[in-house]
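These notes concern the structure reproduced below.
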Amino acid sequence: MEIKFFNTMERRTMEFNAIKPGEVGLYTCGPTVYNFAHIGNFRAYMFEDILKRTLEYFGYKVHQVMNLTDVDDKTIRDSRAAGLPLRTFTEKYKKAFFEDIKALNIEPAEIYPAATDHIPEMIALIQTLMDKGFAYQAEDKCIYFSIDKFPAYGRLARIDRENQRAGVRINSDEYAKDSVADFALWKAWDENDGDVKWDSPWGPGRPGWHIECSAMSSKYLGTAFDIHTGGIDNMFPHHEDEIAQSEAASGKKWVNYWLHCEHLMLNGEKMSKSLGNFYTLRDLQAKGWLGKEIRWVLAGAHYRKKLNFTFEALAQARETLNRFTAFFSRMRGVNAAGDGSEIAEKIRLSLEKFGAAMADDLNTAEALAQLFDLSREANRLADTGTLSAKGALAVLEAFKQFDRILGCLEVDKEPEAEDIPAEITALAEERAAARKAKNFAESDRLRDEISSRGYLIEDAPGGVWKLKKK
Ligand code: AMP
Ligand code: ZN
């Protein structure tokens with residue numbers, strides 16, 4: 001099967017060819033461990049999981065590297081605010097991250113290198129850039145990358161050379177396109193860094209964020225590999241700077257395919273820590289939502305389209321997944337005789353279309369349509385008693401194939417009586433909104449209604465609530 005991806009570098013969809021036949025080197029920019037990741041971050045990790053599972057579905061052996069950014073401007077700022085040593089502070093969020101990806105059934109990467117364990121590799125890479133004349137030490141003792149020396153700078157983000165301000169320096173890890181400038185590779189220690197510092201040939205300090213990914217990717221994937229991904233906001237400056245560092249050092253092309261996912265939105269704005277408009281996975285779990293329901297919502301939209309997060313979508317995911325669970329149970333109960341030929345062709349076609357959709361730049365929406373289509377046909381045959389046990393078993397096998405990529409169907413699971421219906425959760429959401437708006441008459445009315453339908457709401461501080469069966 002020919003696989004095609006939209007390569008951000010070329011701004012077009014291209015056939016995927018691996019450097020080593022049958023193997024893929026995949027670098028995925030990982031979390032900055034200064035807080036619990038929000039579901040916007042998880043949209044990026046989910047997209048990468050779907051990408052990895054799709055490559056595996058087509059027989060590739062994927063070697064995925066995901067870094068953990070455990071030293072940068074934000075981790076230092078917040079660990080100091082918390083009065084904790086950097087490592088103690090970030091350890092908590094590393095642990096939380098691994099718990100969260102497990103809850104979302106994200107396949108683990110092959111390796112999760114942490115930045116603080118790779119300082120010597122970063123220093124060596126900066127030294128190479130110094131030796132080759134791409135980097136210099138400024139009066140502030142920091143080492144900067146000279147974008148003027150790297151003519152391809154700006155190619156990924158499409159920045160004109162005229163807009164580049166060579167010689168002007170920027171020291172922060174994150175900055176906007178209109179402040180493109182020489183960026184920091186090594187940041188000289190100052191009092192804001194507290195006790196966070198390492199020795200280097202240029203004095204005590206710490207690495208810039210961008211050099212972390214260049215150093216760790218080349219250590220684990222070599223100086224040229226297949227795919228590099230991240231959220232679209234990583235494209236500039238992070239990925240642009242990574243390319244400059246890596247290609248200047250090695251003198252050759254670094255990454256063959258760049259894939260970026262669009263943002264998860266909340267009420268029309270990018271979900272982000274800095275805007276304060278975010279839900280962590282834990283927020284949603286506390287409200288009773290399951291990892292597989294969140295997974296279904298995040299997987300359902302095409303990765304290059306903005307996705308607006310809503311609780312209605314989650315409620316719908318619950319309803320859909322519960323319906324599939326009931327459908328699988330029905331299929332297990334089919335016991336009519338027959339050789340399965342009544343549905344064999346339909347299954348073959350559904351699998352073919354599912355594979356073709358995923359191979360077409362991860363068209364999950366089209367792939368999901370095959371699930372509904374196949375279940376409709378199987379139900380139709382079962383209604384008329386023309387589906388055989390053998391046919392039903394083959395249908396279940398097809399859904400297991402779909403789930404190798406989707407990872408949220410739980411085909412073998414029996415329906416649970418205590419699954420909370422979507423409309424009850426929706427009423428609880430309405431009640432929470434009414435409470436927030438201080439409309440207590442309405443929130444009491446909704447509580448009574450939920451109670452009359454057999455469920456209880458338990459409130460906890462901070463507007464958190466949980467539903468229980470009475
Ligand atoms: P950070 O921890 O800020 O470096 O972000 C981790 C990953 O999440 C990066 O790949 C970001 O591009 C991505 N990301 C952050 N916010 C969103 C969002 N609202 N939607 C999708 N991806 C996001
Ligand atoms: Zn990165």
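Note on naming: chains are A, B, ... as they come in the structure tokens, residues start from 1 per chain, ligands start from 1 in the order shown.
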
Query raised in the report: Do you know which residues are at most 10 Å from Ile126 of chain A counting only C-alpha atoms, after dropping those on the same chain fewer than 6 positions away, and could you put them as a PyMOL selection string?
Result: chain A and resi 120+132+134-136+143-145+185-186+207+211+215+245+249

Mind writing the picked residues with N, CA, C and O atoms as an mmCIF file, in the first residue's frame?
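Contents of the output file out.cif:
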data_model
loop_
_atom_site.group_PDB
_atom_site.id
_atom_site.type_symbol
_atom_site.label_atom_id
_atom_site.label_comp_id
_atom_site.auth_asym_id
_atom_site.auth_seq_id
_atom_site.Cartn_x
_atom_site.Cartn_y
_atom_site.Cartn_z
ATOM 1 N N PRO A 120 25.948 16.746 28.077
ATOM 2 C CA PRO A 120 27.226 16.627 27.343
ATOM 3 C C PRO A 120 27.020 16.552 25.829
ATOM 4 O O PRO A 120 27.786 17.156 25.065
ATOM 5 N N LYS A 132 32.522 25.234 13.409
ATOM 6 C CA LYS A 132 32.212 25.450 11.995
ATOM 7 C C LYS A 132 31.812 26.885 11.683
ATOM 8 O O LYS A 132 31.448 27.206 10.548
ATOM 9 N N PHE A 134 29.160 28.619 12.836
ATOM 10 C CA PHE A 134 27.716 28.931 12.810
ATOM 11 C C PHE A 134 27.243 29.573 14.120
ATOM 12 O O PHE A 134 26.103 30.002 14.210
ATOM 13 N N ALA A 135 28.100 29.540 15.136
ATOM 14 C CA ALA A 135 27.673 30.046 16.441
ATOM 15 C C ALA A 135 28.746 30.963 17.004
ATOM 16 O O ALA A 135 29.913 30.879 16.617
ATOM 17 N N TYR A 136 28.338 31.844 17.904
ATOM 18 C CA TYR A 136 29.290 32.781 18.500
ATOM 19 C C TYR A 136 28.859 33.107 19.923
ATOM 20 O O TYR A 136 27.696 32.950 20.289
ATOM 21 N N ILE A 143 25.727 31.683 24.060
ATOM 22 C CA ILE A 143 26.124 31.280 22.711
ATOM 23 C C ILE A 143 24.887 31.375 21.811
ATOM 24 O O ILE A 143 23.819 30.861 22.166
ATOM 25 N N TYR A 144 25.047 32.022 20.662
ATOM 26 C CA TYR A 144 23.930 32.199 19.735
ATOM 27 C C TYR A 144 24.209 31.537 18.395
ATOM 28 O O TYR A 144 25.371 31.455 17.967
ATOM 29 N N PHE A 145 23.135 31.124 17.741
ATOM 30 C CA PHE A 145 23.243 30.621 16.377
ATOM 31 C C PHE A 145 23.087 31.811 15.440
ATOM 32 O O PHE A 145 22.141 32.592 15.559
ATOM 33 N N LEU A 185 21.737 29.102 21.947
ATOM 34 C CA LEU A 185 22.049 27.673 22.033
ATOM 35 C C LEU A 185 22.424 27.314 23.468
ATOM 36 O O LEU A 185 22.069 26.262 23.973
ATOM 37 N N TRP A 186 23.168 28.223 24.087
ATOM 38 C CA TRP A 186 23.611 28.024 25.469
ATOM 39 C C TRP A 186 23.334 29.323 26.211
ATOM 40 O O TRP A 186 23.739 30.401 25.752
ATOM 41 N N PRO A 207 21.314 24.655 28.470
ATOM 42 C CA PRO A 207 21.022 24.678 27.033
ATOM 43 C C PRO A 207 19.755 25.458 26.719
ATOM 44 O O PRO A 207 18.867 25.588 27.563
ATOM 45 N N ILE A 211 18.149 23.275 21.088
ATOM 46 C CA ILE A 211 19.322 22.403 20.928
ATOM 47 C C ILE A 211 19.060 21.031 21.567
ATOM 48 O O ILE A 211 19.632 20.020 21.156
ATOM 49 N N ALA A 215 20.126 17.570 19.636
ATOM 50 C CA ALA A 215 21.138 16.668 20.215
ATOM 51 C C ALA A 215 20.548 15.275 20.468
ATOM 52 O O ALA A 215 21.173 14.261 20.159
ATOM 53 N N GLN A 245 20.255 24.084 13.388
ATOM 54 C CA GLN A 245 21.322 23.496 14.218
ATOM 55 C C GLN A 245 21.798 22.162 13.653
ATOM 56 O O GLN A 245 22.993 21.919 13.509
ATOM 57 N N ALA A 249 25.351 21.527 11.553
ATOM 58 C CA ALA A 249 26.362 20.662 12.179
ATOM 59 C C ALA A 249 26.754 19.494 11.285
ATOM 60 O O ALA A 249 27.925 19.158 11.152
#

Sort by chain and increasing residue number a table of all residues of chain A within 9 Å of ligand 1, each with its closest pair of atoms and their distance in Å to one decimal, counting only C-alpha atoms and all ligand atoms, and write it as CSV.
residue,atom,partner,partner_atom_place_in_ligand_line,distance
A:Thr28,CA,ligand 1,10 (O),7.7
A:Cys29,CA,ligand 1,10 (O),5.7
A:Gly30,CA,ligand 1,6 (C),5.7
A:Pro31,CA,ligand 1,2 (O),4.0
A:Thr32,CA,ligand 1,2 (O),4.0
A:Val33,CA,ligand 1,2 (O),6.9
A:Tyr34,CA,ligand 1,2 (O),8.1
A:Asn35,CA,ligand 1,2 (O),8.6
A:Ala37,CA,ligand 1,2 (O),6.9
A:His38,CA,ligand 1,16 (N),7.7
A:Ile39,CA,ligand 1,18 (C),7.4
A:Gly40,CA,ligand 1,18 (C),3.6
A:Asn41,CA,ligand 1,8 (O),3.4
A:Phe42,CA,ligand 1,8 (O),6.5
A:Arg43,CA,ligand 1,21 (C),5.0
A:Ala44,CA,ligand 1,22 (N),4.6
A:Tyr45,CA,ligand 1,8 (O),7.1
A:Leu68,CA,ligand 1,2 (O),8.9
A:Thr69,CA,ligand 1,4 (O),7.7
A:Thr229,CA,ligand 1,10 (O),7.5
A:Gly230,CA,ligand 1,10 (O),3.9
A:Gly231,CA,ligand 1,12 (O),3.0
A:Ile232,CA,ligand 1,12 (O),5.5
A:Asp233,CA,ligand 1,12 (O),4.9
A:Asn234,CA,ligand 1,12 (O),4.8
A:Met235,CA,ligand 1,12 (O),8.0
A:His260,CA,ligand 1,12 (O),8.1
A:Cys261,CA,ligand 1,21 (C),6.5
A:Glu262,CA,ligand 1,21 (C),5.7
A:His263,CA,ligand 1,20 (N),3.2
A:Leu264,CA,ligand 1,20 (N),3.8
A:Met265,CA,ligand 1,19 (N),5.8
A:Leu266,CA,ligand 1,19 (N),8.3
A:Glu269,CA,ligand 1,19 (N),8.4
A:Lys270,CA,ligand 1,19 (N),4.8
A:Met271,CA,ligand 1,19 (N),3.9
A:Ser272,CA,ligand 1,16 (N),5.3
A:Lys273,CA,ligand 1,16 (N),7.8
A:Phe278,CA,ligand 1,19 (N),8.3
A:Lys306,CA,ligand 1,20 (N),8.1
A:Leu307,CA,ligand 1,20 (N),8.2

Requested in this report: Enter the distance from atom CA of Ala138 of chain A to atom CA of Arg155 of chain A, in Å, rounded to one decimal.
Outcome: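 The value is 25.7 Å.
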
Requested in this report: as a ChimeraX atom specification, please: all residues of segment 196-373 of chain A that backbone DSSP puts in strand (DSSP E).
Outcome: /A:205-207,225-231,255-261,264-266,269-270,307-308

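When only C-alpha atoms and all ligand atoms are used to measure the gap to ligand 2, the shortest distance among A:Trp198, A:Tyr27, A:Tyr279, A:Trp254 belongs to A:Tyr27.
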